[in-house]
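Before any comments, here is the structure.
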Amino acid sequence: MAAILKLYLDIALLRRGPEDLPASTSLLYATLAAFVVLNALLTVAFRPTVENWLPQLLVSVGFTLSWYRALLALFGRTERYLQTMTAVLGFGCIVTPVLLPAVGAMAPYMEAEQPAQAMPLIVLLMVPLFIYLLYVSARILRSAIERRASDLHLKAGSYPMIRVDGTLVVASEEKRLEREDTESLA
């Protein structure tokens, strides 16, 4: 579990991409569940006055899942869906603890009778964060579209390998995988 969280953090820090994640349905479902629960807990904690947040969250997640499926289909990369969505949701799990409290802190100003007084400062603080979110999301999608890898091979004592056009190539020479690395991903 710690290895997966580190992978998500590395994706958020632009050190890794979706191709570094295993193409696993169970990992996608676990990440999706963690994303929904994390958003639910933080919404209740930082935005308690928001009504109908659960349907809004579920529609947002459904739209995101559908949008990425359509984009990957458009580019002929549907085989990358599991890794891409796992990366997007894992990235969401990393940034949500920062994003939702920030939005919660902005809410009183936005709901005030004269929100324009506080808006310039809020916008100044939030614009870099939203640019970063957009950049990482675009990078994940670009990686999914550009890489022609179809399989990820992980073996203790070896570098991670990917299959590109039928040939195994080293995905990252950062470090050889250790037994603990491969066990934590299993």
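A note on labels: chains of the structure tokens are A, B, ... as shown, every chain counts residues from 1, and ligands are counted from 1 in their shown order.
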* Test item: residues at most 10 Å from A:Thr31, only C-alpha atoms, excluding those fewer than 6 positions along its chain, as an MDAnalysis selection string -> chainID A and resid 4:5 25 37 85:93
* To do: Can you pull out every residue within 7 Å of A:Met161, counting only C-alpha atoms, but drop anything in the same chain fewer than 5 positions away, and send it as a PyMOL selection string?
  => chain A and resi 152-154+168-171
Would you export the selected residues with N, CA and C atoms as a PDB file, in the first residue's frame, please?
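Final output, saved to again21.pdb:
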```
ATOM      1  N   LEU A 152       3.078  -4.068 -18.361  1.00  0.00           N
ATOM      2  CA  LEU A 152       4.089  -3.698 -17.381  1.00  0.00           C
ATOM      3  C   LEU A 152       4.567  -4.980 -16.726  1.00  0.00           C
ATOM      4  N   HIS A 153       5.874  -5.221 -16.721  1.00  0.00           N
ATOM      5  CA  HIS A 153       6.452  -6.433 -16.139  1.00  0.00           C
ATOM      6  C   HIS A 153       7.293  -6.046 -14.932  1.00  0.00           C
ATOM      7  N   LEU A 154       6.943  -6.606 -13.779  1.00  0.00           N
ATOM      8  CA  LEU A 154       7.649  -6.324 -12.541  1.00  0.00           C
ATOM      9  C   LEU A 154       8.205  -7.624 -11.979  1.00  0.00           C
ATOM     10  N   LEU A 168      10.011  -6.017 -25.136  1.00  0.00           N
ATOM     11  CA  LEU A 168      10.211  -5.572 -23.762  1.00  0.00           C
ATOM     12  C   LEU A 168      11.358  -4.574 -23.697  1.00  0.00           C
ATOM     13  N   VAL A 169      11.105  -3.430 -23.055  1.00  0.00           N
ATOM     14  CA  VAL A 169      12.132  -2.407 -22.865  1.00  0.00           C
ATOM     15  C   VAL A 169      12.095  -1.956 -21.408  1.00  0.00           C
ATOM     16  N   VAL A 170      13.231  -1.460 -20.921  1.00  0.00           N
ATOM     17  CA  VAL A 170      13.314  -0.964 -19.552  1.00  0.00           C
ATOM     18  C   VAL A 170      12.483   0.312 -19.446  1.00  0.00           C
ATOM     19  N   ALA A 171      11.567   0.342 -18.468  1.00  0.00           N
ATOM     20  CA  ALA A 171      10.698   1.502 -18.281  1.00  0.00           C
ATOM     21  C   ALA A 171      11.393   2.589 -17.470  1.00  0.00           C
TER      22      ALA A 171
END
```
* Near-A:Gly62 list (12 Å; only C-alpha atoms; drop same-chain fewer than 5 positions) as an MDAnalysis selection string -> chainID A and resid 32 36 55:57 67:69 85 89
* To do: Just the residues within 7 Å of A:Thr84, please, counting only C-alpha atoms, with nothing from its chain fewer than 4 positions along; format it as a PyMOL selection string.
  => chain A and resi 18+80+88+140-141+144
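Relative to atom CA of A:Tyr8, atom CA of A:Met126 is found at 22.1 Å.
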* Asked: Using only C-alpha atoms, which residues sit within 10 Å of A:Ser24 once same-chain residues fewer than 2 positions away are excluded, as a ChimeraX atom specification?
  -> /A:21-22,26-30,82-83,86,186
* Quick one: DSSP strand (DSSP E) residues in chain A, as a ChimeraX atom specification? -> /A:149-153,161-164,167-170
* Asked: Separation of atom CA of A:Lys175 and atom CA of A:Tyr135, in Å?
  ->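 These two atoms are separated by 26.6 Å.
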